[in-house]
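> What follows is upload_39.cif, made up of mmCIF, C-alpha atoms and all ligand atoms:
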data_final
loop_
_atom_site.label_atom_id
_atom_site.label_comp_id
_atom_site.auth_asym_id
_atom_site.auth_seq_id
_atom_site.Cartn_x
_atom_site.Cartn_y
_atom_site.Cartn_z
CA MET L 1 80.10 89.93 100.07
CA PRO L 2 83.18 91.37 98.45
CA ALA L 3 85.79 91.16 101.25
CA THR L 4 86.53 87.67 102.60
CA VAL L 5 89.28 86.68 105.00
CA VAL L 6 90.50 83.09 104.97
CA VAL L 7 92.16 82.33 108.26
CA GLY L 8 93.84 79.27 109.73
CA ALA L 9 91.74 78.15 112.70
CA GLN L 10 94.35 75.85 114.28
CA TRP L 11 98.19 75.77 114.32
CA GLY L 12 98.72 76.42 110.61
CA ASP L 13 98.88 73.89 107.77
CA GLU L 14 95.08 73.59 107.70
CA GLY L 15 95.00 73.49 103.89
CA LYS L 16 94.34 77.21 103.43
CA GLY L 17 96.22 77.23 100.12
CA LYS L 18 93.69 74.93 98.52
CA ILE L 19 90.68 76.80 99.91
CA VAL L 20 92.13 80.16 98.84
CA ASP L 21 92.88 78.71 95.42
CA LEU L 22 89.27 77.56 95.12
CA LEU L 23 87.80 80.88 96.28
CA ALA L 24 90.30 82.78 94.12
CA GLN L 25 88.42 81.45 91.07
CA ARG L 26 85.64 83.90 91.86
CA SER L 27 87.78 86.70 93.27
CA ASP L 28 89.45 89.65 91.60
CA VAL L 29 92.22 90.32 94.10
CA VAL L 30 94.04 87.97 96.50
CA CYS L 31 96.11 89.48 99.34
CA ARG L 32 98.67 88.11 101.76
CA TYR L 33 98.53 90.24 104.92
CA GLN L 34 101.18 88.84 107.29
CA GLY L 35 104.00 86.36 107.63
CA GLY L 36 106.70 85.58 105.10
CA PRO L 37 108.47 82.55 103.69
CA ASN L 38 107.64 80.58 106.86
CA ALA L 39 104.28 79.80 105.22
CA GLY L 40 104.05 76.94 102.79
CA HIS L 41 101.02 76.76 100.52
CA THR L 42 100.55 73.69 98.38
CA ILE L 43 98.17 73.97 95.44
CA ILE L 44 97.41 71.18 93.00
CA VAL L 45 95.83 72.17 89.67
CA ASP L 46 95.42 69.80 86.71
CA GLY L 47 97.90 67.38 88.26
CA GLU L 48 100.55 70.14 88.65
CA THR L 49 101.74 70.81 92.20
CA TYR L 50 102.77 74.33 93.16
CA LYS L 51 104.49 74.97 96.47
CA ILE L 52 104.67 78.66 97.21
CA ARG L 53 105.86 80.45 100.32
CA GLN L 54 105.97 84.14 99.65
CA THR L 55 103.65 84.82 96.73
CA PRO L 56 99.85 84.97 97.28
CA SER L 57 98.08 81.81 96.08
CA GLY L 58 95.98 83.89 93.66
CA VAL L 59 98.93 84.07 91.29
CA ILE L 60 98.21 80.52 90.11
CA SER L 61 94.80 81.69 88.83
CA GLY L 62 96.14 84.91 87.31
CA LYS L 63 94.43 87.12 89.90
CA SER L 64 95.81 90.43 91.08
CA SER L 65 98.07 89.21 93.92
CA VAL L 66 98.93 91.62 96.69
CA ILE L 67 101.72 91.25 99.26
CA GLY L 68 100.62 93.66 101.99
CA GLY L 69 102.71 95.86 104.26
CA GLY L 70 102.12 93.48 107.18
CA CYS L 71 104.26 90.82 105.48
CA VAL L 72 107.99 90.27 105.75
CA VAL L 73 109.67 89.45 102.47
CA ASP L 74 112.77 87.46 101.71
CA PRO L 75 113.61 88.90 98.28
CA GLU L 76 115.67 85.89 97.31
CA VAL L 77 112.71 83.58 97.98
CA LEU L 78 110.20 85.88 96.30
CA ILE L 79 112.33 86.40 93.17
CA GLY L 80 113.10 82.67 93.01
CA GLU L 81 109.39 81.91 93.17
CA LEU L 82 108.44 84.47 90.54
CA ASP L 83 111.11 83.09 88.20
CA GLU L 84 109.99 79.51 88.76
CA LEU L 85 106.32 80.35 88.23
CA GLU L 86 107.17 82.24 85.02
CA ALA L 87 109.21 79.26 83.81
CA ARG L 88 106.12 77.09 84.37
CA GLY L 89 103.97 79.42 82.28
CA ILE L 90 102.30 81.39 85.09
CA ASP L 91 102.01 85.14 84.50
CA THR L 92 103.51 86.89 87.55
CA SER L 93 102.92 90.45 86.34
CA VAL L 94 99.80 90.33 88.55
CA VAL L 95 101.93 90.48 91.73
CA VAL L 96 102.00 93.82 93.60
CA LEU L 97 104.31 94.28 96.58
CA SER L 98 103.77 96.90 99.27
CA GLY L 99 106.69 99.28 99.75
CA ASN L 100 105.95 99.12 103.48
CA ALA L 101 106.62 95.40 103.80
CA HIS L 102 109.79 94.70 105.73
CA LEU L 103 112.69 92.82 104.22
CA ILE L 104 114.25 89.75 105.71
CA MET L 105 117.96 90.50 105.75
CA PRO L 106 120.83 87.97 105.99
CA TRP L 107 121.34 88.80 109.69
CA HIS L 108 117.72 87.93 110.46
CA ILE L 109 118.25 84.42 109.15
CA ALA L 110 121.61 84.09 110.91
CA ILE L 111 120.12 85.29 114.23
CA ASP L 112 117.00 83.07 113.95
CA GLN L 113 119.23 80.04 113.43
CA ALA L 114 121.80 80.95 116.07
CA SER L 115 119.22 81.87 118.72
CA GLU L 116 117.29 78.62 118.23
CA ARG L 117 120.54 76.66 118.56
CA ARG L 118 121.38 78.61 121.69
CA LEU L 119 117.96 78.03 123.27
CA GLY L 120 118.52 74.28 122.95
CA LYS L 121 115.66 72.45 124.66
CA LEU L 122 113.82 75.74 125.18
CA GLN L 123 113.70 76.52 121.46
CA ILE L 124 110.50 77.77 119.78
CA GLY L 125 110.98 75.42 116.85
CA THR L 126 110.86 78.26 114.31
CA THR L 127 111.18 77.74 110.59
CA ARG L 128 114.58 79.49 110.87
CA ARG L 129 113.75 81.81 107.98
CA GLY L 130 114.42 85.02 109.91
CA ILE L 131 110.77 85.82 110.57
CA GLY L 132 110.98 86.66 114.29
CA PRO L 133 114.14 88.79 114.05
CA ALA L 134 112.70 90.71 111.05
CA TYR L 135 109.46 91.55 112.91
CA ALA L 136 111.49 92.40 116.04
CA ASP L 137 113.52 94.94 114.03
CA LYS L 138 110.31 96.33 112.58
CA ALA L 139 109.06 97.02 116.11
CA SER L 140 112.49 98.40 117.11
CA ARG L 141 112.38 100.72 114.09
CA LEU L 142 115.61 99.25 112.80
CA GLY L 143 113.93 97.41 109.95
CA ILE L 144 114.62 97.82 106.25
CA ARG L 145 111.54 98.10 104.06
CA VAL L 146 110.92 97.19 100.44
CA GLN L 147 110.86 100.90 99.52
CA ASP L 148 114.37 101.31 100.92
CA VAL L 149 115.90 99.12 98.21
CA LEU L 150 114.61 101.52 95.58
CA ASP L 151 117.25 104.08 96.61
CA ALA L 152 120.77 102.63 96.65
CA LYS L 153 122.07 105.38 98.97
CA ILE L 154 119.36 104.91 101.59
CA LEU L 155 119.71 101.15 101.35
CA ARG L 156 123.45 101.20 101.97
CA GLN L 157 123.07 103.62 104.85
CA LYS L 158 120.40 101.49 106.53
CA ILE L 159 122.39 98.30 106.09
CA GLU L 160 125.42 100.03 107.60
CA VAL L 161 123.46 101.23 110.65
CA ALA L 162 121.86 97.82 111.18
CA LEU L 163 125.12 95.91 110.73
CA ALA L 164 126.97 98.07 113.25
CA GLU L 165 124.68 96.49 115.86
CA LYS L 166 123.90 93.10 114.33
CA ASN L 167 127.51 92.10 113.76
CA VAL L 168 128.28 92.67 117.43
CA TRP L 169 125.46 90.27 118.31
CA LEU L 170 126.49 87.74 115.70
CA GLU L 171 130.15 87.72 116.72
CA ARG L 172 130.04 88.27 120.46
CA VAL L 173 126.75 86.75 121.56
CA TYR L 174 126.13 84.01 119.02
CA GLU L 175 129.77 83.46 118.08
CA VAL L 176 129.11 83.15 114.35
CA GLU L 177 130.56 84.92 111.30
CA PRO L 178 129.68 88.60 110.84
CA ILE L 179 127.90 89.83 107.70
CA ASP L 180 129.92 91.77 105.13
CA LEU L 181 128.49 95.24 104.39
CA GLU L 182 129.63 95.42 100.76
CA GLN L 183 128.34 91.98 99.94
CA ALA L 184 124.93 92.58 101.57
CA ALA L 185 124.52 96.00 99.92
CA ALA L 186 125.44 94.64 96.48
CA GLN L 187 123.12 91.66 96.89
CA TYR L 188 120.10 93.76 97.90
CA GLU L 189 120.81 96.38 95.22
CA SER L 190 120.61 93.61 92.65
CA TYR L 191 117.24 92.51 94.08
CA ALA L 192 116.04 96.10 93.63
CA GLN L 193 116.14 95.76 89.84
CA ARG L 194 113.74 92.84 89.98
CA LEU L 195 111.46 94.24 92.71
CA ARG L 196 111.10 97.81 91.40
CA PRO L 197 108.40 97.07 88.80
CA ILE L 198 106.18 95.17 91.24
CA VAL L 199 106.22 97.70 94.11
CA GLY L 200 102.91 99.55 94.49
CA ASP L 201 100.46 101.20 96.89
CA THR L 202 98.60 98.08 97.95
CA SER L 203 96.32 99.84 100.46
CA LEU L 204 95.02 102.10 97.69
CA LEU L 205 94.74 99.21 95.24
CA VAL L 206 92.58 97.18 97.66
CA ASP L 207 90.48 100.18 98.65
CA GLU L 208 89.75 100.98 95.01
CA ALA L 209 88.92 97.35 94.27
CA LEU L 210 86.44 97.24 97.17
CA ARG L 211 84.87 100.55 96.13
CA ALA L 212 84.40 99.15 92.65
CA GLY L 213 82.52 96.19 94.16
CA LYS L 214 85.25 93.68 93.32
CA GLU L 215 85.78 90.46 95.24
CA VAL L 216 88.86 90.65 97.44
CA LEU L 217 90.25 87.65 99.27
CA PHE L 218 92.62 88.01 102.22
CA GLU L 219 94.81 84.98 102.67
CA GLY L 220 96.14 84.39 106.17
CA ALA L 221 99.34 82.45 106.73
CA GLN L 222 100.01 80.19 109.75
CA GLY L 223 97.02 79.97 112.11
CA THR L 224 95.12 81.41 115.05
CA LEU L 225 97.06 79.52 117.71
CA LEU L 226 100.34 80.77 116.23
CA ASP L 227 99.19 84.41 116.49
CA LEU L 228 101.63 86.65 118.36
CA ASP L 229 98.86 88.10 120.55
CA HIS L 230 96.24 85.36 120.67
CA GLY L 231 98.25 82.18 120.17
CA THR L 232 100.05 79.91 122.57
CA TYR L 233 102.86 82.37 123.35
CA PRO L 234 105.86 82.00 123.20
CA PHE L 235 105.35 79.10 120.78
CA VAL L 236 103.95 81.42 118.13
CA THR L 237 104.99 83.27 115.02
CA SER L 238 105.80 86.98 115.18
CA SER L 239 102.81 88.37 113.28
CA ASN L 240 98.99 88.40 113.47
CA PRO L 241 97.40 85.65 111.41
CA VAL L 242 93.97 86.34 113.01
CA ALA L 243 91.35 87.91 110.75
CA SER L 244 91.77 91.42 112.13
CA GLY L 245 95.40 91.23 110.98
CA ALA L 246 94.02 91.45 107.42
CA ALA L 247 92.91 95.04 108.02
CA THR L 248 96.21 96.26 109.49
CA GLY L 249 98.34 94.08 107.23
CA VAL L 250 96.84 95.44 104.03
CA GLY L 251 95.79 98.92 105.13
CA ILE L 252 91.98 98.92 105.13
CA GLY L 253 89.54 99.51 107.98
CA PRO L 254 88.02 96.54 109.88
CA THR L 255 84.51 97.60 108.81
CA ARG L 256 85.40 96.65 105.25
CA ILE L 257 85.61 92.93 106.02
CA ASP L 258 82.39 91.09 105.20
CA ARG L 259 83.07 87.50 106.14
CA VAL L 260 85.69 85.31 107.73
CA ILE L 261 86.17 81.71 106.67
CA GLY L 262 88.07 79.64 109.21
CA VAL L 263 89.99 76.72 107.75
CA ALA L 264 90.39 73.73 110.05
CA LYS L 265 91.56 70.20 109.45
CA ALA L 266 89.17 67.44 110.52
CA TYR L 267 91.93 66.68 113.05
CA VAL L 268 94.79 68.92 114.24
CA THR L 269 98.51 69.19 113.57
CA ARG L 270 101.30 71.26 115.01
CA VAL L 271 104.94 71.72 114.03
CA GLY L 272 107.44 73.21 116.40
CA GLU L 273 107.25 73.16 120.17
CA GLY L 274 104.39 73.85 122.57
CA PRO L 275 101.43 71.98 124.05
CA LEU L 276 98.93 70.03 121.93
CA PRO L 277 96.23 68.72 124.32
CA SER L 278 94.49 66.41 121.86
CA GLU L 279 97.74 64.81 120.63
CA ILE L 280 97.09 61.25 119.48
CA GLU L 281 98.66 58.52 121.56
CA GLY L 282 100.11 55.30 120.23
CA ALA L 283 100.30 53.99 116.69
CA ASP L 284 97.36 56.06 115.41
CA GLN L 285 99.56 59.17 115.47
CA ALA L 286 101.91 57.69 112.84
CA ARG L 287 98.90 56.49 110.82
CA VAL L 288 97.42 59.98 110.65
CA GLN L 289 100.85 61.43 109.82
CA GLU L 290 101.24 59.00 106.96
CA LEU L 291 97.67 59.17 105.65
CA GLY L 292 97.64 62.96 105.87
CA GLY L 293 101.17 63.42 104.49
CA GLU L 294 101.92 65.49 107.56
CA PHE L 295 105.41 66.69 106.76
CA GLY L 296 106.15 70.43 106.63
CA THR L 297 106.15 72.19 103.23
CA VAL L 298 108.87 74.60 104.34
CA THR L 299 111.03 72.60 106.74
CA GLY L 300 110.13 68.97 105.96
CA ARG L 301 109.60 68.39 109.70
CA VAL L 302 107.06 65.77 110.71
CA ARG L 303 103.90 67.38 112.13
CA ARG L 304 102.52 66.25 115.47
CA CYS L 305 98.92 65.06 115.03
CA GLY L 306 95.93 65.26 117.34
CA TRP L 307 92.24 64.43 117.16
CA LEU L 308 89.93 67.34 116.44
CA ASP L 309 89.96 69.89 119.28
CA LEU L 310 86.64 71.77 119.52
CA VAL L 311 87.86 73.85 122.48
CA ALA L 312 90.67 75.35 120.40
CA LEU L 313 88.33 75.75 117.42
CA ARG L 314 85.69 77.49 119.55
CA TYR L 315 88.41 79.94 120.56
CA ALA L 316 89.34 80.47 116.90
CA VAL L 317 85.69 81.22 116.11
CA ARG L 318 85.72 83.84 118.87
CA VAL L 319 88.99 85.67 118.19
CA ASN L 320 88.54 85.72 114.42
CA GLY L 321 84.79 86.28 114.23
CA ILE L 322 84.57 83.23 111.96
CA THR L 323 81.32 83.23 109.97
CA SER L 324 81.78 79.81 108.36
CA LEU L 325 84.23 76.95 108.35
CA ALA L 326 86.08 74.96 105.73
CA LEU L 327 86.80 71.53 107.17
CA THR L 328 89.72 70.00 105.28
CA LYS L 329 91.24 66.52 104.94
CA LEU L 330 88.15 64.65 106.14
CA ASP L 331 89.29 61.76 103.91
CA VAL L 332 92.36 61.24 106.12
CA LEU L 333 90.04 59.95 108.87
CA SER L 334 88.35 57.37 106.63
CA ASP L 335 90.43 54.48 108.01
CA PHE L 336 89.44 54.74 111.65
CA ALA L 337 86.62 52.81 113.34
CA GLU L 338 86.23 55.41 116.06
CA LEU L 339 87.01 59.08 116.04
CA PRO L 340 87.64 60.77 119.38
CA VAL L 341 86.82 64.50 119.42
CA CYS L 342 88.03 66.77 122.22
CA VAL L 343 84.88 68.61 123.37
CA ALA L 344 86.17 70.22 126.58
CA TYR L 345 89.34 70.56 128.66
CA ARG L 346 89.74 69.17 132.17
CA LEU L 347 91.76 71.60 134.26
CA ARG L 348 94.07 70.98 137.22
CA ASP L 349 91.24 71.43 139.76
CA ASP L 350 89.33 68.71 137.84
CA SER L 351 86.76 71.17 136.51
CA GLU L 352 85.72 71.00 132.88
CA THR L 353 85.62 73.96 130.53
CA PRO L 354 84.43 74.38 126.94
CA HIS L 355 86.59 77.52 126.69
CA PHE L 356 90.24 77.88 125.78
CA PRO L 357 92.15 78.74 128.99
CA ALA L 358 93.23 82.36 129.28
CA HIS L 359 96.34 81.44 131.26
CA GLN L 360 99.24 79.43 129.93
CA SER L 361 99.60 77.14 132.96
CA ASP L 362 95.96 76.07 132.66
CA PHE L 363 96.49 75.36 128.99
CA HIS L 364 99.75 73.49 129.57
CA HIS L 365 98.02 71.20 132.06
CA ALA L 366 94.69 70.86 130.21
CA ARG L 367 93.62 67.29 129.51
CA PRO L 368 91.13 66.51 126.77
CA VAL L 369 87.57 65.42 127.50
CA TRP L 370 86.71 63.08 124.66
CA GLN L 371 83.50 62.25 122.90
CA SER L 372 83.88 59.36 120.52
CA LEU L 373 82.10 59.36 117.15
CA PRO L 374 81.75 56.36 114.84
CA GLY L 375 84.06 56.30 111.81
CA TRP L 376 82.78 55.63 108.27
CA GLN L 377 85.59 53.28 107.17
CA GLN L 378 85.11 53.78 103.47
CA PRO L 379 86.75 56.12 100.99
CA LEU L 380 85.13 59.48 100.30
CA ASP L 381 86.20 59.67 96.69
CA ARG L 382 82.71 59.13 95.26
CA ALA L 383 81.12 62.02 97.13
CA SER L 384 80.49 65.04 94.94
CA SER L 385 78.50 67.02 97.51
CA ARG L 386 78.13 67.03 101.27
CA ASP L 387 74.88 65.07 100.96
CA ASP L 388 76.73 62.20 99.25
CA LEU L 389 79.00 61.62 102.22
CA PRO L 390 78.56 58.38 104.17
CA ASP L 391 76.19 58.89 107.14
CA ALA L 392 78.93 58.79 109.77
CA ALA L 393 81.04 61.35 107.88
CA ARG L 394 78.04 63.65 107.52
CA ARG L 395 77.34 63.28 111.24
CA TYR L 396 80.97 64.12 112.03
CA VAL L 397 80.63 67.40 110.09
CA GLU L 398 77.27 68.16 111.76
CA PHE L 399 78.81 67.48 115.17
CA VAL L 400 81.41 70.17 114.47
CA GLU L 401 78.72 72.63 113.36
CA ARG L 402 76.64 72.01 116.48
CA GLY L 403 79.65 72.17 118.79
CA LEU L 404 80.72 75.55 117.42
CA ASP L 405 77.44 77.03 116.23
CA VAL L 406 79.05 77.87 112.90
CA PRO L 407 78.13 76.39 109.51
CA VAL L 408 80.65 74.22 107.69
CA GLU L 409 80.56 75.67 104.19
CA LEU L 410 83.26 73.60 102.55
CA VAL L 411 84.51 70.06 103.16
CA GLY L 412 87.87 68.88 101.80
CA VAL L 413 87.98 65.21 100.78
CA GLY L 414 91.14 65.02 98.65
CA ALA L 415 94.19 66.93 97.52
CA ALA L 416 92.99 68.35 94.20
CA ARG L 417 91.06 71.61 93.76
CA GLU L 418 87.87 69.80 92.76
CA ARG L 419 87.91 67.62 95.89
CA VAL L 420 86.26 70.32 98.01
CA LEU L 421 82.56 69.73 98.60
CA VAL L 422 80.38 72.82 98.81
P1 LIG M 501 108.48 81.27 112.77
O1 LIG M 501 107.21 81.77 112.17
O2 LIG M 501 109.44 80.70 111.76
O3 LIG M 501 109.12 82.27 113.68
O4 LIG M 501 108.11 80.01 113.73
C1 LIG M 501 107.35 80.18 114.91
C2 LIG M 501 106.38 79.03 115.10
O5 LIG M 501 105.39 79.07 114.08
C3 LIG M 501 107.02 77.65 115.03
O6 LIG M 501 106.32 76.78 115.90
C4 LIG M 501 106.76 77.24 113.58
O7 LIG M 501 106.78 75.84 113.42
C5 LIG M 501 105.39 77.82 113.39
N1 LIG M 501 105.08 78.10 111.98
C6 LIG M 501 105.52 79.12 111.24
N2 LIG M 501 105.01 79.06 110.00
C7 LIG M 501 104.21 77.99 109.97
C8 LIG M 501 103.34 77.43 108.96
O8 LIG M 501 103.20 77.92 107.84
N3 LIG M 501 102.66 76.33 109.34
C9 LIG M 501 102.75 75.79 110.57
N4 LIG M 501 103.52 76.28 111.53
C10 LIG M 501 104.24 77.37 111.24
#
Now that the file is in, can you turn its structure into structure tokens?
Ligand code: IMP

Amino acid sequence: MPATVVVGAQWGDEGKGKIVDLLAQRSDVVCRYQGGPNAGHTIIVDGETYKIRQTPSGVISGKSSVIGGGCVVDPEVLIGELDELEARGIDTSVVVLSGNAHLIMPWHIAIDQASERRLGKLQIGTTRRGIGPAYADKASRLGIRVQDVLDAKILRQKIEVALAEKNVWLERVYEVEPIDLEQAAAQYESYAQRLRPIVGDTSLLVDEALRAGKEVLFEGAQGTLLDLDHGTYPFVTSSNPVASGAATGVGIGPTRIDRVIGVAKAYVTRVGEGPLPSEIEGADQARVQELGGEFGTVTGRVRRCGWLDLVALRYAVRVNGITSLALTKLDVLSDFAELPVCVAYRLRDDSETPHFPAHQSDFHHARPVWQSLPGWQQPLDRASSRDDLPDAARRYVEFVERGLDVPVELVGVGAARERVLV
């Protein structure tokens, strides 16, 4: 089973970094296929915590680490990360960056921030890292790609063309400072020196690895419900985190993917705006936030918490073709006597559905239908396999498997790499 996609099955922050880090131990290549520095992956190894946003998690284990053409790259963030990892003794020569990946430019960040401010109460709640504007320019064919920085003349020309339009927007529409051409060109030319040695043909690299029978891991950022096409639009990111995004984002055919592991928390969280039907009411919300450390890696924002939503997960199984699940942070639920699980949605006409509504108004008005499961009310730190879990915890996991008809292959019971039960 050489090609495995690891995909977020909820609204991001499912603990993919840790699962990818674990699976990376037996992989040869780890690829990021979409997103940019809006993702925050936290990996804890031997008591050391690594928080990375732009570099594939495989770098921590010294695996060939690919940033595919479907990603957007903030060179300042990437270079900063590579330097920090090197300073901490991690070899970053394993990182290969696609020349087709688009660059996040200073105007993307300025526009993301200004447009969110302007939207006021209607804001998306983006990470304000320039992600949406960078993908928008990619689609408008105004984008600047990694390969463009390799030629100073092309780079300057492209920046000039882009700025002729962007500065009008910045000054007249958003009423903020324009971007200086000379400064931007000089800044990105200096990034070129550092990026040049890591630029490569990542599609070819992955194809050759797969042909040689190597294990390749595709690491999704964000999650299914933040997918531009399949998520809860417009409260989504601007790329395709779903598993099929791995094929387009890296440049291989969909037939090459062998399995898809969906990563889901044992509850749900969401940052940014948009509906969250199973949102926890009352004091339990703050308890889960605190117990789960639910504060954003990138923005520090507190994450809204909900009980596990099987309707949303069932949808994730469908749109990703999930073949097995990793259920993370089960230990966070250890305190609760009862654990409500959302098993269906009640719609406006009072009907119940096990399926995720196809229309936004149905979803916005959906109310959870709960089934309550008994809690285990004891720590899970002694369990070293799924069979060692307290009865109620094991039943909780089995309930998820039955509800989705997908096996739970991995169960996360603590922050460290070794706290994942197989
Ligand atoms: P953007 O990706 O910065 O444009 O933000 C769009 C939406 O995706 C917002 O609701 C963000 O909070 C959310 N988002 C982006 N990246 C992540 C992530 O890594 N985890 C969780 N939510 C994210």
> Restricting the calculation to all atoms listed in the file, which member of L:Leu333, L:Leu313, L:Val59, L:Ile111 is positioned closest to ligand LIG 501 (chain M)?
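Among L:Leu333, L:Leu313, L:Val59, L:Ile111, it is L:Ile111 that comes nearest to ligand LIG 501 (chain M).
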> Per residue of chain L within 9 Å of ligand LIG 501 (chain M), which atom pair is closest and at what distance in Å (one decimal), using all atoms listed in the file, listed by chain and increasing number, as CSV?

residue,atom,partner,partner_atom,distance
L:Trp11,CA,M:LIG501,C9,5.9
L:Gly12,CA,M:LIG501,C9,4.1
L:Asp13,CA,M:LIG501,N3,4.8
L:Glu14,CA,M:LIG501,N3,8.2
L:Gly35,CA,M:LIG501,O1,7.2
L:Gly36,CA,M:LIG501,O1,8.0
L:Pro37,CA,M:LIG501,N2,8.0
L:Asn38,CA,M:LIG501,N2,4.4
L:Ala39,CA,M:LIG501,O8,3.4
L:Gly40,CA,M:LIG501,O8,5.2
L:His41,CA,M:LIG501,O8,7.7
L:Arg53,CA,M:LIG501,O8,8.4
L:Asp112,CA,M:LIG501,O3,7.9
L:Ile124,CA,M:LIG501,O6,5.8
L:Gly125,CA,M:LIG501,C3,4.9
L:Thr126,CA,M:LIG501,O4,3.3
L:Thr127,CA,M:LIG501,O2,3.6
L:Arg128,CA,M:LIG501,O2,5.4
L:Arg129,CA,M:LIG501,O2,5.8
L:Gly130,CA,M:LIG501,O2,6.8
L:Ile131,CA,M:LIG501,O3,5.0
L:Gly132,CA,M:LIG501,O3,4.8
L:Pro133,CA,M:LIG501,O3,8.2
L:Ala221,CA,M:LIG501,O8,6.1
L:Gln222,CA,M:LIG501,O8,4.4
L:Gly223,CA,M:LIG501,C9,7.3
L:Leu226,CA,M:LIG501,O5,5.7
L:Asp227,CA,M:LIG501,O5,8.5
L:Pro234,CA,M:LIG501,C1,8.6
L:Phe235,CA,M:LIG501,O6,5.5
L:Val236,CA,M:LIG501,C2,4.6
L:Thr237,CA,M:LIG501,C1,3.9
L:Ser238,CA,M:LIG501,O3,6.0
L:Ser239,CA,M:LIG501,O1,8.0
L:Thr269,CA,M:LIG501,C9,8.4
L:Arg270,CA,M:LIG501,N4,6.5
L:Val271,CA,M:LIG501,O7,4.6
L:Gly272,CA,M:LIG501,O6,3.8
L:Glu273,CA,M:LIG501,O6,5.7
L:Gly274,CA,M:LIG501,O6,7.5
L:Gly296,CA,M:LIG501,N3,7.4
L:Thr297,CA,M:LIG501,O8,7.9
L:Val298,CA,M:LIG501,O8,7.4
L:Thr299,CA,M:LIG501,O7,8.6
L:Arg301,CA,M:LIG501,O7,8.8
L:Arg303,CA,M:LIG501,C9,8.6
> Export, as an mmCIF file, in the coordinates of the input, the selected residues with C-alpha atoms.

data_model
loop_
_atom_site.group_PDB
_atom_site.id
_atom_site.type_symbol
_atom_site.label_atom_id
_atom_site.label_comp_id
_atom_site.auth_asym_id
_atom_site.auth_seq_id
_atom_site.Cartn_x
_atom_site.Cartn_y
_atom_site.Cartn_z
ATOM 1 C CA TRP L 11 98.190 75.770 114.320
ATOM 2 C CA GLY L 12 98.720 76.420 110.610
ATOM 3 C CA ASP L 13 98.880 73.890 107.770
ATOM 4 C CA GLU L 14 95.080 73.590 107.700
ATOM 5 C CA GLY L 35 104.000 86.360 107.630
ATOM 6 C CA GLY L 36 106.700 85.580 105.100
ATOM 7 C CA PRO L 37 108.470 82.550 103.690
ATOM 8 C CA ASN L 38 107.640 80.580 106.860
ATOM 9 C CA ALA L 39 104.280 79.800 105.220
ATOM 10 C CA GLY L 40 104.050 76.940 102.790
ATOM 11 C CA HIS L 41 101.020 76.760 100.520
ATOM 12 C CA ARG L 53 105.860 80.450 100.320
ATOM 13 C CA ASP L 112 117.000 83.070 113.950
ATOM 14 C CA ILE L 124 110.500 77.770 119.780
ATOM 15 C CA GLY L 125 110.980 75.420 116.850
ATOM 16 C CA THR L 126 110.860 78.260 114.310
ATOM 17 C CA THR L 127 111.180 77.740 110.590
ATOM 18 C CA ARG L 128 114.580 79.490 110.870
ATOM 19 C CA ARG L 129 113.750 81.810 107.980
ATOM 20 C CA GLY L 130 114.420 85.020 109.910
ATOM 21 C CA ILE L 131 110.770 85.820 110.570
ATOM 22 C CA GLY L 132 110.980 86.660 114.290
ATOM 23 C CA PRO L 133 114.140 88.790 114.050
ATOM 24 C CA ALA L 221 99.340 82.450 106.730
ATOM 25 C CA GLN L 222 100.010 80.190 109.750
ATOM 26 C CA GLY L 223 97.020 79.970 112.110
ATOM 27 C CA LEU L 226 100.340 80.770 116.230
ATOM 28 C CA ASP L 227 99.190 84.410 116.490
ATOM 29 C CA PRO L 234 105.860 82.000 123.200
ATOM 30 C CA PHE L 235 105.350 79.100 120.780
ATOM 31 C CA VAL L 236 103.950 81.420 118.130
ATOM 32 C CA THR L 237 104.990 83.270 115.020
ATOM 33 C CA SER L 238 105.800 86.980 115.180
ATOM 34 C CA SER L 239 102.810 88.370 113.280
ATOM 35 C CA THR L 269 98.510 69.190 113.570
ATOM 36 C CA ARG L 270 101.300 71.260 115.010
ATOM 37 C CA VAL L 271 104.940 71.720 114.030
ATOM 38 C CA GLY L 272 107.440 73.210 116.400
ATOM 39 C CA GLU L 273 107.250 73.160 120.170
ATOM 40 C CA GLY L 274 104.390 73.850 122.570
ATOM 41 C CA GLY L 296 106.150 70.430 106.630
ATOM 42 C CA THR L 297 106.150 72.190 103.230
ATOM 43 C CA VAL L 298 108.870 74.600 104.340
ATOM 44 C CA THR L 299 111.030 72.600 106.740
ATOM 45 C CA ARG L 301 109.600 68.390 109.700
ATOM 46 C CA ARG L 303 103.900 67.380 112.130
#
> Given the choices L:Gly69, L:Glu86, L:Glu165, L:Val302, which gets closest to Leu204 (chain L) if the distance is worked out from only C-alpha atoms?
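Between L:Gly69, L:Glu86, L:Glu165, L:Val302, the residue approaching Leu204 (chain L) most closely is L:Gly69.
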> Which is closer to Ser65 (chain L) than all the others in L:Glu219, L:Glu84, L:Asp46, L:Asp207, using all atoms listed in the file?
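Ranking L:Glu219, L:Glu84, L:Asp46, L:Asp207 by distance to Ser65 (chain L), first place goes to L:Glu219.
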> Just how far from CA of Val6 (chain L) is CA of Lys63 (chain L), in Å to one decimal?
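Separation of CA of Lys63 (chain L) and CA of Val6 (chain L): 16.1 Å.
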> Around (87.1, 52.7, 110.9) in the file's frame, which residues reach within 7 Å when counting only C-alpha atoms? Return as a ChimeraX atom specification?
/L:334-338,375-377
> Which one is closest to Arg118 (chain L): L:Trp307, L:Ala344, L:Tyr174, L:Ala152? Count only C-alpha atoms.
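With only C-alpha atoms as the atom set, the closest residue is L:Tyr174.
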> Rounded to one decimal place, report the CA of Ser384 (chain L)-CA of Val406 (chain L) distance in Å.
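So the answer is 22.1 Å.
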